[in-house]
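*Asks:* Just one file: entry07.txt, with compact mmCIF, N, CA and C atoms.
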# COMPACT_ATOMS: atom_id res chain seq x y z
N MET F 1 100.42 -188.89 87.57
CA MET F 1 99.20 -189.53 87.12
C MET F 1 99.51 -190.40 85.91
N ARG F 2 98.88 -191.55 85.81
CA ARG F 2 99.07 -192.46 84.69
C ARG F 2 97.73 -192.67 84.00
N TRP F 3 97.72 -192.60 82.67
CA TRP F 3 96.50 -192.74 81.91
C TRP F 3 96.44 -194.10 81.26
N ALA F 4 95.26 -194.56 80.97
CA ALA F 4 95.06 -195.85 80.33
C ALA F 4 95.47 -195.80 78.87
N ILE F 5 95.86 -196.94 78.35
CA ILE F 5 96.20 -197.04 76.94
C ILE F 5 94.92 -196.92 76.12
N ILE F 6 94.95 -196.08 75.10
CA ILE F 6 93.78 -195.87 74.24
C ILE F 6 94.10 -196.44 72.85
N PRO F 7 93.47 -197.56 72.47
CA PRO F 7 93.73 -198.09 71.13
C PRO F 7 93.00 -197.26 70.07
N ASN F 8 93.56 -197.20 68.87
CA ASN F 8 92.93 -196.49 67.75
C ASN F 8 92.50 -195.08 68.11
N VAL F 9 93.37 -194.37 68.76
CA VAL F 9 93.08 -193.04 69.27
C VAL F 9 92.88 -192.03 68.14
N THR F 10 91.96 -191.10 68.37
CA THR F 10 91.75 -189.97 67.48
C THR F 10 92.13 -188.71 68.25
N ILE F 11 92.94 -187.87 67.61
CA ILE F 11 93.42 -186.64 68.24
C ILE F 11 92.85 -185.45 67.48
N ALA F 12 92.27 -184.51 68.20
CA ALA F 12 91.79 -183.26 67.60
C ALA F 12 92.80 -182.16 67.92
N VAL F 13 93.26 -181.48 66.89
CA VAL F 13 94.19 -180.36 67.06
C VAL F 13 93.42 -179.08 66.76
N VAL F 14 93.43 -178.15 67.72
CA VAL F 14 92.69 -176.90 67.59
C VAL F 14 93.69 -175.75 67.76
N GLU F 15 93.99 -175.11 66.64
CA GLU F 15 95.03 -174.06 66.62
C GLU F 15 94.74 -173.11 65.47
N ASP F 16 94.70 -171.81 65.76
CA ASP F 16 94.40 -170.84 64.72
C ASP F 16 95.59 -170.52 63.83
N ASN F 17 96.81 -170.75 64.31
CA ASN F 17 97.99 -170.50 63.51
C ASN F 17 98.18 -171.69 62.56
N LYS F 18 98.01 -171.42 61.26
CA LYS F 18 98.02 -172.50 60.26
C LYS F 18 99.31 -173.30 60.27
N LEU F 19 100.45 -172.65 60.38
CA LEU F 19 101.73 -173.36 60.36
C LEU F 19 101.88 -174.30 61.55
N ILE F 20 101.53 -173.81 62.74
CA ILE F 20 101.62 -174.65 63.93
C ILE F 20 100.63 -175.80 63.84
N ARG F 21 99.40 -175.48 63.41
CA ARG F 21 98.36 -176.52 63.29
C ARG F 21 98.81 -177.62 62.33
N GLU F 22 99.32 -177.22 61.17
CA GLU F 22 99.75 -178.22 60.19
C GLU F 22 100.93 -179.05 60.69
N LEU F 23 101.85 -178.42 61.41
CA LEU F 23 102.98 -179.15 61.99
C LEU F 23 102.49 -180.21 62.96
N VAL F 24 101.63 -179.80 63.89
CA VAL F 24 101.14 -180.74 64.91
C VAL F 24 100.33 -181.85 64.26
N VAL F 25 99.46 -181.51 63.34
CA VAL F 25 98.65 -182.52 62.64
C VAL F 25 99.55 -183.50 61.90
N ASN F 26 100.54 -182.99 61.17
CA ASN F 26 101.43 -183.87 60.41
C ASN F 26 102.24 -184.78 61.31
N VAL F 27 102.72 -184.27 62.42
CA VAL F 27 103.48 -185.11 63.35
C VAL F 27 102.60 -186.24 63.86
N PHE F 28 101.40 -185.91 64.32
CA PHE F 28 100.51 -186.95 64.84
C PHE F 28 100.07 -187.93 63.75
N MET F 29 99.78 -187.41 62.58
CA MET F 29 99.23 -188.25 61.52
C MET F 29 100.28 -189.15 60.87
N TYR F 30 101.41 -188.57 60.51
CA TYR F 30 102.39 -189.31 59.73
C TYR F 30 103.50 -189.94 60.56
N CYS F 31 103.88 -189.31 61.61
CA CYS F 31 105.01 -189.83 62.38
C CYS F 31 104.60 -190.83 63.45
N VAL F 32 103.41 -190.70 63.97
CA VAL F 32 102.97 -191.65 64.99
C VAL F 32 101.70 -192.38 64.57
N ASN F 33 101.33 -192.21 63.30
CA ASN F 33 100.25 -192.98 62.68
C ASN F 33 98.95 -192.93 63.48
N ARG F 34 98.46 -191.74 63.73
CA ARG F 34 97.21 -191.56 64.46
C ARG F 34 96.19 -190.84 63.59
N ASN F 35 94.92 -191.11 63.84
CA ASN F 35 93.85 -190.38 63.17
C ASN F 35 93.78 -188.99 63.78
N VAL F 36 93.84 -187.97 62.94
CA VAL F 36 93.90 -186.60 63.45
C VAL F 36 92.82 -185.74 62.79
N LEU F 37 92.13 -184.98 63.62
CA LEU F 37 91.15 -183.99 63.17
C LEU F 37 91.80 -182.62 63.34
N SER F 38 91.49 -181.70 62.44
CA SER F 38 92.11 -180.39 62.47
C SER F 38 91.04 -179.31 62.48
N PHE F 39 91.17 -178.36 63.42
CA PHE F 39 90.21 -177.27 63.53
C PHE F 39 90.95 -175.95 63.70
N GLU F 40 90.42 -174.91 63.05
CA GLU F 40 91.04 -173.59 63.07
C GLU F 40 90.69 -172.78 64.31
N ASN F 41 89.59 -173.12 64.96
CA ASN F 41 89.20 -172.37 66.15
C ASN F 41 88.32 -173.24 67.06
N GLY F 42 88.06 -172.72 68.24
CA GLY F 42 87.29 -173.46 69.23
C GLY F 42 85.85 -173.72 68.82
N VAL F 43 85.25 -172.80 68.07
CA VAL F 43 83.86 -172.99 67.65
C VAL F 43 83.75 -174.19 66.72
N GLU F 44 84.63 -174.25 65.73
CA GLU F 44 84.62 -175.39 64.80
C GLU F 44 84.81 -176.71 65.55
N ALA F 45 85.77 -176.73 66.46
CA ALA F 45 86.05 -177.95 67.21
C ALA F 45 84.86 -178.34 68.08
N TRP F 46 84.28 -177.36 68.78
CA TRP F 46 83.15 -177.67 69.66
C TRP F 46 81.94 -178.15 68.87
N ASP F 47 81.65 -177.51 67.75
CA ASP F 47 80.53 -177.94 66.92
C ASP F 47 80.68 -179.41 66.53
N TYR F 48 81.89 -179.79 66.14
CA TYR F 48 82.15 -181.18 65.77
C TYR F 48 82.04 -182.10 66.99
N LEU F 49 82.72 -181.75 68.05
CA LEU F 49 82.73 -182.61 69.24
C LEU F 49 81.34 -182.76 69.86
N ALA F 50 80.58 -181.68 69.91
CA ALA F 50 79.26 -181.73 70.52
C ALA F 50 78.30 -182.61 69.72
N SER F 51 78.48 -182.65 68.41
CA SER F 51 77.58 -183.46 67.59
C SER F 51 78.10 -184.88 67.36
N HIS F 52 79.43 -185.06 67.32
CA HIS F 52 79.99 -186.39 67.04
C HIS F 52 80.74 -186.98 68.23
N GLY F 53 81.44 -186.14 68.99
CA GLY F 53 82.20 -186.61 70.14
C GLY F 53 83.37 -187.50 69.81
N ARG F 54 83.75 -187.59 68.55
CA ARG F 54 84.77 -188.55 68.11
C ARG F 54 86.19 -188.00 68.19
N ALA F 55 86.66 -187.79 69.37
CA ALA F 55 88.07 -187.46 69.59
C ALA F 55 88.40 -187.92 71.00
N ASP F 56 89.51 -188.63 71.12
CA ASP F 56 89.92 -189.12 72.44
C ASP F 56 90.77 -188.10 73.16
N ILE F 57 91.56 -187.37 72.38
CA ILE F 57 92.48 -186.36 72.92
C ILE F 57 92.25 -185.07 72.15
N VAL F 58 92.15 -183.95 72.88
CA VAL F 58 92.04 -182.63 72.26
C VAL F 58 93.27 -181.83 72.66
N VAL F 59 94.00 -181.35 71.67
CA VAL F 59 95.15 -180.49 71.89
C VAL F 59 94.76 -179.12 71.37
N ALA F 60 94.63 -178.14 72.27
CA ALA F 60 94.11 -176.83 71.87
C ALA F 60 94.97 -175.69 72.38
N ASP F 61 95.12 -174.69 71.53
CA ASP F 61 95.81 -173.46 71.90
C ASP F 61 94.88 -172.62 72.76
N VAL F 62 95.44 -171.77 73.60
CA VAL F 62 94.63 -170.88 74.43
C VAL F 62 94.12 -169.70 73.60
N ASP F 63 95.01 -169.03 72.90
CA ASP F 63 94.66 -167.78 72.22
C ASP F 63 94.16 -168.04 70.80
N MET F 64 92.83 -168.08 70.68
CA MET F 64 92.19 -168.27 69.37
C MET F 64 90.98 -167.35 69.29
N PRO F 65 90.62 -166.95 68.07
CA PRO F 65 89.41 -166.13 67.92
C PRO F 65 88.15 -166.98 68.07
N LYS F 66 87.04 -166.32 68.24
CA LYS F 66 85.70 -166.91 68.33
C LYS F 66 85.47 -167.66 69.63
N MET F 67 86.27 -168.65 69.95
CA MET F 67 86.19 -169.37 71.23
C MET F 67 87.62 -169.76 71.59
N ASN F 68 88.11 -169.24 72.71
CA ASN F 68 89.49 -169.54 73.07
C ASN F 68 89.61 -170.96 73.66
N GLY F 69 90.84 -171.38 73.88
CA GLY F 69 91.09 -172.73 74.37
C GLY F 69 90.50 -173.00 75.74
N PHE F 70 90.44 -171.99 76.60
CA PHE F 70 89.85 -172.19 77.93
C PHE F 70 88.34 -172.41 77.85
N GLU F 71 87.68 -171.64 76.98
CA GLU F 71 86.23 -171.83 76.79
C GLU F 71 85.95 -173.22 76.23
N LEU F 72 86.75 -173.64 75.26
CA LEU F 72 86.60 -174.97 74.67
C LEU F 72 86.83 -176.04 75.73
N LEU F 73 87.88 -175.89 76.49
CA LEU F 73 88.20 -176.84 77.57
C LEU F 73 87.03 -176.98 78.53
N SER F 74 86.46 -175.86 78.96
CA SER F 74 85.34 -175.89 79.90
C SER F 74 84.15 -176.64 79.32
N LYS F 75 83.83 -176.39 78.07
CA LYS F 75 82.70 -177.07 77.42
C LYS F 75 82.96 -178.57 77.30
N ILE F 76 84.17 -178.92 76.89
CA ILE F 76 84.50 -180.34 76.74
C ILE F 76 84.41 -181.06 78.07
N LYS F 77 85.02 -180.51 79.09
CA LYS F 77 85.04 -181.19 80.39
C LYS F 77 83.65 -181.29 81.01
N LYS F 78 82.77 -180.34 80.69
CA LYS F 78 81.40 -180.40 81.19
C LYS F 78 80.62 -181.53 80.53
N LYS F 79 80.76 -181.67 79.21
CA LYS F 79 80.00 -182.69 78.48
C LYS F 79 80.71 -184.05 78.44
N TYR F 80 82.05 -184.03 78.36
CA TYR F 80 82.86 -185.25 78.25
C TYR F 80 83.98 -185.21 79.29
N PRO F 81 83.67 -185.39 80.56
CA PRO F 81 84.69 -185.21 81.60
C PRO F 81 85.90 -186.14 81.49
N ARG F 82 85.78 -187.25 80.81
CA ARG F 82 86.89 -188.20 80.71
C ARG F 82 87.76 -187.97 79.47
N LYS F 83 87.35 -187.05 78.60
CA LYS F 83 88.14 -186.76 77.39
C LYS F 83 89.43 -186.06 77.81
N ILE F 84 90.54 -186.47 77.24
CA ILE F 84 91.84 -185.90 77.57
C ILE F 84 92.01 -184.57 76.83
N CYS F 85 92.35 -183.53 77.58
CA CYS F 85 92.54 -182.20 77.01
C CYS F 85 93.93 -181.68 77.37
N ILE F 86 94.67 -181.29 76.35
CA ILE F 86 95.99 -180.71 76.52
C ILE F 86 95.91 -179.28 76.01
N ILE F 87 96.25 -178.34 76.87
CA ILE F 87 96.21 -176.93 76.52
C ILE F 87 97.62 -176.45 76.20
N MET F 88 97.75 -175.71 75.09
CA MET F 88 99.04 -175.15 74.67
C MET F 88 99.00 -173.63 74.81
N SER F 89 100.13 -173.06 75.19
CA SER F 89 100.22 -171.60 75.24
C SER F 89 101.67 -171.16 75.34
N ALA F 90 101.95 -170.01 74.75
CA ALA F 90 103.27 -169.40 74.87
C ALA F 90 103.38 -168.61 76.17
N ASP F 91 102.26 -168.40 76.84
CA ASP F 91 102.23 -167.65 78.09
C ASP F 91 102.19 -168.62 79.27
N PRO F 92 103.30 -168.75 80.00
CA PRO F 92 103.35 -169.71 81.10
C PRO F 92 102.33 -169.44 82.21
N SER F 93 101.84 -168.20 82.31
CA SER F 93 100.85 -167.89 83.34
C SER F 93 99.51 -168.58 83.07
N ASN F 94 99.30 -169.08 81.85
CA ASN F 94 98.07 -169.79 81.52
C ASN F 94 98.02 -171.20 82.09
N GLU F 95 99.14 -171.69 82.56
CA GLU F 95 99.19 -173.05 83.10
C GLU F 95 98.25 -173.22 84.29
N LYS F 96 98.24 -172.26 85.19
CA LYS F 96 97.39 -172.34 86.38
C LYS F 96 95.91 -172.40 85.99
N SER F 97 95.50 -171.53 85.08
CA SER F 97 94.10 -171.53 84.64
C SER F 97 93.74 -172.84 83.96
N ALA F 98 94.65 -173.37 83.15
CA ALA F 98 94.39 -174.64 82.47
C ALA F 98 94.13 -175.75 83.49
N LYS F 99 94.94 -175.79 84.52
CA LYS F 99 94.78 -176.81 85.57
C LYS F 99 93.44 -176.63 86.28
N GLU F 100 93.13 -175.38 86.64
CA GLU F 100 91.89 -175.10 87.37
C GLU F 100 90.65 -175.46 86.56
N LEU F 101 90.74 -175.34 85.22
CA LEU F 101 89.60 -175.65 84.36
C LEU F 101 89.49 -177.12 83.99
N GLY F 102 90.45 -177.91 84.46
CA GLY F 102 90.36 -179.36 84.25
C GLY F 102 91.23 -179.93 83.16
N ALA F 103 92.17 -179.16 82.62
CA ALA F 103 93.07 -179.70 81.60
C ALA F 103 93.86 -180.86 82.19
N ASP F 104 94.16 -181.82 81.34
CA ASP F 104 94.97 -182.95 81.78
C ASP F 104 96.45 -182.60 81.74
N SER F 105 96.82 -181.68 80.84
CA SER F 105 98.21 -181.25 80.72
C SER F 105 98.27 -179.85 80.12
N PHE F 106 99.44 -179.25 80.30
CA PHE F 106 99.72 -177.95 79.73
C PHE F 106 101.02 -178.08 78.94
N LEU F 107 101.01 -177.70 77.67
CA LEU F 107 102.19 -177.76 76.82
C LEU F 107 102.65 -176.35 76.52
N ALA F 108 103.84 -176.02 76.99
CA ALA F 108 104.39 -174.68 76.81
C ALA F 108 104.96 -174.53 75.40
N LYS F 109 104.64 -173.41 74.78
CA LYS F 109 105.23 -173.05 73.49
C LYS F 109 106.44 -172.17 73.76
N PRO F 110 107.48 -172.26 73.00
CA PRO F 110 107.65 -173.16 71.87
C PRO F 110 107.96 -174.57 72.36
N PHE F 111 107.52 -175.55 71.61
CA PHE F 111 107.81 -176.94 71.92
C PHE F 111 108.53 -177.56 70.74
N ASN F 112 109.11 -178.74 70.94
CA ASN F 112 109.81 -179.40 69.84
C ASN F 112 109.08 -180.69 69.47
N LEU F 113 109.52 -181.31 68.40
CA LEU F 113 108.86 -182.52 67.92
C LEU F 113 108.89 -183.64 68.95
N LYS F 114 109.95 -183.73 69.72
CA LYS F 114 110.04 -184.76 70.75
C LYS F 114 108.90 -184.60 71.75
N ASP F 115 108.55 -183.35 72.07
CA ASP F 115 107.44 -183.11 73.00
C ASP F 115 106.13 -183.66 72.43
N LEU F 116 105.91 -183.50 71.12
CA LEU F 116 104.68 -184.01 70.50
C LEU F 116 104.67 -185.54 70.51
N PHE F 117 105.82 -186.17 70.22
CA PHE F 117 105.90 -187.63 70.29
C PHE F 117 105.61 -188.12 71.70
N ASN F 118 106.14 -187.41 72.68
CA ASN F 118 105.95 -187.82 74.07
C ASN F 118 104.51 -187.66 74.53
N ILE F 119 103.78 -186.72 73.95
CA ILE F 119 102.36 -186.59 74.28
C ILE F 119 101.64 -187.88 73.90
N VAL F 120 101.93 -188.37 72.71
CA VAL F 120 101.30 -189.60 72.28
C VAL F 120 101.72 -190.76 73.19
N GLN F 121 102.98 -190.81 73.55
CA GLN F 121 103.43 -191.87 74.44
C GLN F 121 102.77 -191.78 75.81
N THR F 122 102.59 -190.57 76.30
CA THR F 122 101.99 -190.38 77.62
C THR F 122 100.52 -190.78 77.63
N TYR F 123 99.78 -190.35 76.62
CA TYR F 123 98.33 -190.54 76.65
C TYR F 123 97.83 -191.73 75.84
N VAL F 124 98.64 -192.23 74.93
CA VAL F 124 98.19 -193.34 74.10
C VAL F 124 98.84 -194.64 74.55
N ALA F 125 100.14 -194.60 74.79
CA ALA F 125 100.85 -195.82 75.14
C ALA F 125 100.99 -196.02 76.64
N GLY F 126 100.57 -195.03 77.43
CA GLY F 126 100.61 -195.19 78.88
C GLY F 126 101.96 -194.97 79.52
N SER F 127 102.90 -194.36 78.80
CA SER F 127 104.22 -194.08 79.36
C SER F 127 104.11 -193.01 80.43
N THR F 128 104.99 -193.05 81.42
CA THR F 128 104.99 -192.02 82.46
C THR F 128 105.99 -190.90 82.15
N GLN F 129 106.76 -191.03 81.05
CA GLN F 129 107.69 -189.98 80.67
C GLN F 129 106.90 -188.84 80.04
N LYS F 130 107.09 -187.63 80.52
CA LYS F 130 106.36 -186.51 79.96
C LYS F 130 107.30 -185.61 79.17
N PRO F 131 106.77 -184.88 78.21
CA PRO F 131 107.59 -183.95 77.45
C PRO F 131 108.23 -182.91 78.37
N SER F 132 109.41 -182.44 77.99
CA SER F 132 110.13 -181.49 78.82
C SER F 132 109.38 -180.19 79.03
N ARG F 133 108.55 -179.79 78.07
CA ARG F 133 107.83 -178.53 78.17
C ARG F 133 106.35 -178.76 78.46
N MET F 134 106.04 -179.92 79.03
CA MET F 134 104.64 -180.26 79.33
C MET F 134 104.50 -180.57 80.81
N THR F 135 103.44 -180.05 81.39
CA THR F 135 103.11 -180.37 82.75
C THR F 135 101.86 -181.23 82.75
N ALA F 136 101.96 -182.43 83.28
CA ALA F 136 100.79 -183.30 83.39
C ALA F 136 100.22 -183.09 84.79
N PHE F 137 98.94 -182.86 84.88
CA PHE F 137 98.30 -182.56 86.17
C PHE F 137 97.81 -183.81 86.85
Output the file's structure in the form of structure tokens.
*Replies:*
Amino acid sequence: MRWAIIPNVTIAVVEDNKLIRELVVNVFMYCVNRNVLSFENGVEAWDYLASHGRADIVVADVDMPKMNGFELLSKIKKKYPRKICIIMSADPSNEKSAKELGADSFLAKPFNLKDLFNIVQTYVAGSTQKPSRMTAF
């Protein structure tokens, strides 16, 4: 599948692990010069998205308190079916559920910085090269 180029893209990162969240946010913000929103859990992200909708790409972990990544994905796809959603998980068995719920991609943890750069290339620049630990549906 090939996605359209999105100019001036905003990426929302939803991850309860502070170190991982900060790494992903910093890579997107400073290394690929993108506007990045940061959320600690699915409830915070959904509250923002439901009221503002200002994110082109949502990168969310599966295992989070309050609202997990699958619940967030379902809500996003119901209200914003064209919004790109990338689900992350250390559990490879979550890939099937992510696909069934409408995720655009699944990013397996652990991932490396090259995988994060390639996400931006895949969804922002329209490249067909995907990260080695990412499955694009």
*Asks:* Got a sec to tell me which of chain F DSSP assigns to strand (DSSP E or B), as a PyMOL selection string?
*Replies:* chain F and resi 10-14+35-39+57-61+84-89+105-108+134-136
*Asks:* Please produce an output containing N, CA and C atoms for each residue in the selection, written as an mmCIF file, in the frame of the given file.
*Replies:*
data_model
loop_
_atom_site.group_PDB
_atom_site.id
_atom_site.type_symbol
_atom_site.label_atom_id
_atom_site.label_comp_id
_atom_site.auth_asym_id
_atom_site.auth_seq_id
_atom_site.Cartn_x
_atom_site.Cartn_y
_atom_site.Cartn_z
ATOM 1 N N THR F 10 91.960 -191.100 68.370
ATOM 2 C CA THR F 10 91.750 -189.970 67.480
ATOM 3 C C THR F 10 92.130 -188.710 68.250
ATOM 4 N N ILE F 11 92.940 -187.870 67.610
ATOM 5 C CA ILE F 11 93.420 -186.640 68.240
ATOM 6 C C ILE F 11 92.850 -185.450 67.480
ATOM 7 N N ALA F 12 92.270 -184.510 68.200
ATOM 8 C CA ALA F 12 91.790 -183.260 67.600
ATOM 9 C C ALA F 12 92.800 -182.160 67.920
ATOM 10 N N VAL F 13 93.260 -181.480 66.890
ATOM 11 C CA VAL F 13 94.190 -180.360 67.060
ATOM 12 C C VAL F 13 93.420 -179.080 66.760
ATOM 13 N N VAL F 14 93.430 -178.150 67.720
ATOM 14 C CA VAL F 14 92.690 -176.900 67.590
ATOM 15 C C VAL F 14 93.690 -175.750 67.760
ATOM 16 N N ASN F 35 94.920 -191.110 63.840
ATOM 17 C CA ASN F 35 93.850 -190.380 63.170
ATOM 18 C C ASN F 35 93.780 -188.990 63.780
ATOM 19 N N VAL F 36 93.840 -187.970 62.940
ATOM 20 C CA VAL F 36 93.900 -186.600 63.450
ATOM 21 C C VAL F 36 92.820 -185.740 62.790
ATOM 22 N N LEU F 37 92.130 -184.980 63.620
ATOM 23 C CA LEU F 37 91.150 -183.990 63.170
ATOM 24 C C LEU F 37 91.800 -182.620 63.340
ATOM 25 N N SER F 38 91.490 -181.700 62.440
ATOM 26 C CA SER F 38 92.110 -180.390 62.470
ATOM 27 C C SER F 38 91.040 -179.310 62.480
ATOM 28 N N PHE F 39 91.170 -178.360 63.420
ATOM 29 C CA PHE F 39 90.210 -177.270 63.530
ATOM 30 C C PHE F 39 90.950 -175.950 63.700
ATOM 31 N N ILE F 57 91.560 -187.370 72.380
ATOM 32 C CA ILE F 57 92.480 -186.360 72.920
ATOM 33 C C ILE F 57 92.250 -185.070 72.150
ATOM 34 N N VAL F 58 92.150 -183.950 72.880
ATOM 35 C CA VAL F 58 92.040 -182.630 72.260
ATOM 36 C C VAL F 58 93.270 -181.830 72.660
ATOM 37 N N VAL F 59 94.000 -181.350 71.670
ATOM 38 C CA VAL F 59 95.150 -180.490 71.890
ATOM 39 C C VAL F 59 94.760 -179.120 71.370
ATOM 40 N N ALA F 60 94.630 -178.140 72.270
ATOM 41 C CA ALA F 60 94.110 -176.830 71.870
ATOM 42 C C ALA F 60 94.970 -175.690 72.380
ATOM 43 N N ASP F 61 95.120 -174.690 71.530
ATOM 44 C CA ASP F 61 95.810 -173.460 71.900
ATOM 45 C C ASP F 61 94.880 -172.620 72.760
ATOM 46 N N ILE F 84 90.540 -186.470 77.240
ATOM 47 C CA ILE F 84 91.840 -185.900 77.570
ATOM 48 C C ILE F 84 92.010 -184.570 76.830
ATOM 49 N N CYS F 85 92.350 -183.530 77.580
ATOM 50 C CA CYS F 85 92.540 -182.200 77.010
ATOM 51 C C CYS F 85 93.930 -181.680 77.370
ATOM 52 N N ILE F 86 94.670 -181.290 76.350
ATOM 53 C CA ILE F 86 95.990 -180.710 76.520
ATOM 54 C C ILE F 86 95.910 -179.280 76.010
ATOM 55 N N ILE F 87 96.250 -178.340 76.870
ATOM 56 C CA ILE F 87 96.210 -176.930 76.520
ATOM 57 C C ILE F 87 97.620 -176.450 76.200
ATOM 58 N N MET F 88 97.750 -175.710 75.090
ATOM 59 C CA MET F 88 99.040 -175.150 74.670
ATOM 60 C C MET F 88 99.000 -173.630 74.810
ATOM 61 N N SER F 89 100.130 -173.060 75.190
ATOM 62 C CA SER F 89 100.220 -171.600 75.240
ATOM 63 C C SER F 89 101.670 -171.160 75.340
ATOM 64 N N SER F 105 96.820 -181.680 80.840
ATOM 65 C CA SER F 105 98.210 -181.250 80.720
ATOM 66 C C SER F 105 98.270 -179.850 80.120
ATOM 67 N N PHE F 106 99.440 -179.250 80.300
ATOM 68 C CA PHE F 106 99.720 -177.950 79.730
ATOM 69 C C PHE F 106 101.020 -178.080 78.940
ATOM 70 N N LEU F 107 101.010 -177.700 77.670
ATOM 71 C CA LEU F 107 102.190 -177.760 76.820
ATOM 72 C C LEU F 107 102.650 -176.350 76.520
ATOM 73 N N ALA F 108 103.840 -176.020 76.990
ATOM 74 C CA ALA F 108 104.390 -174.680 76.810
ATOM 75 C C ALA F 108 104.960 -174.530 75.400
ATOM 76 N N MET F 134 106.040 -179.920 79.030
ATOM 77 C CA MET F 134 104.640 -180.260 79.330
ATOM 78 C C MET F 134 104.500 -180.570 80.810
ATOM 79 N N THR F 135 103.440 -180.050 81.390
ATOM 80 C CA THR F 135 103.110 -180.370 82.750
ATOM 81 C C THR F 135 101.860 -181.230 82.750
ATOM 82 N N ALA F 136 101.960 -182.430 83.280
ATOM 83 C CA ALA F 136 100.790 -183.300 83.390
ATOM 84 C C ALA F 136 100.220 -183.090 84.790
#
*Asks:* In the coordinate frame of the file, compute which residues have an atom within 10 Å of (109.3, -183.3, 65.0) when using only C-alpha atoms, and state them as an MDAnalysis selection string.
*Replies:* chainID F and resid 23:24 26:28 31 111:117
*Asks:* Stretch 71-75 of chain F: which residues within 7 Å, counting only N, CA and C atoms, same-chain residues fewer than 3 positions away excluded, as a list of chain:residue names?
*Replies:* F:Gly42, F:Trp46, F:Met67, F:Asn68, F:Lys78, F:Lys79, F:Tyr80, F:Cys85, F:Leu101, F:Gly102, F:Ala103
*Asks:* Which distance in Å separates atom CA of F:Ile20 and atom C of F:Pro65, to one decimal?
*Replies:* 16.0 Å
*Asks:* Using DSSP secondary structure from the backbone, list all alpha helix (DSSP H) positions within chain F, as a VMD selection string.
*Replies:* chain F and resid 18 to 26 42 to 52 69 to 79 94 to 100 113 to 123
*Asks:* What does the distance between atom N of F:Ala90 and atom C of F:Ala60 come to in Å, to one decimal place?
*Replies:*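 So the answer is 9.3 Å.
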*Asks:* Please indicate the distance in Å from atom CA of F:Ala50 to atom CA of F:Glu95, rounded to one decimal place.
*Replies:*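 Distance between the two atoms: 25.1 Å.
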*Asks:* Show which residues sit within 8 Å of F:Ala98, as a VMD selection string. Count only N, CA and C atoms, and ignore same-chain residues fewer than 5 positions away.
*Replies:* chain F and resid 69 to 70 87 93 103 to 106
*Asks:* For F:Arg34, work out the shell of residues within 8 Å, counting all atoms listed in the file and skipping chain neighbours fewer than 5 positions away, then give it as a list in words.
*Replies:*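 Contacts, with the query itself left out: Asn8, Val9, Thr10, Ile11, Val27, Phe28 and Met29 of chain F.
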*Asks:* List the neighbours of F:Asp56 out to 12 Å using only C-alpha atoms; skip same-chain residues closer than 4 positions along the sequence, and give me the result as JSON, numbers by chain.
*Replies:* {"F": [4, 5, 6, 7, 8, 9, 10, 11, 12, 13, 34, 35, 36, 37, 49, 52, 76, 80, 81, 82, 83, 84, 85, 86, 120, 123, 124]}
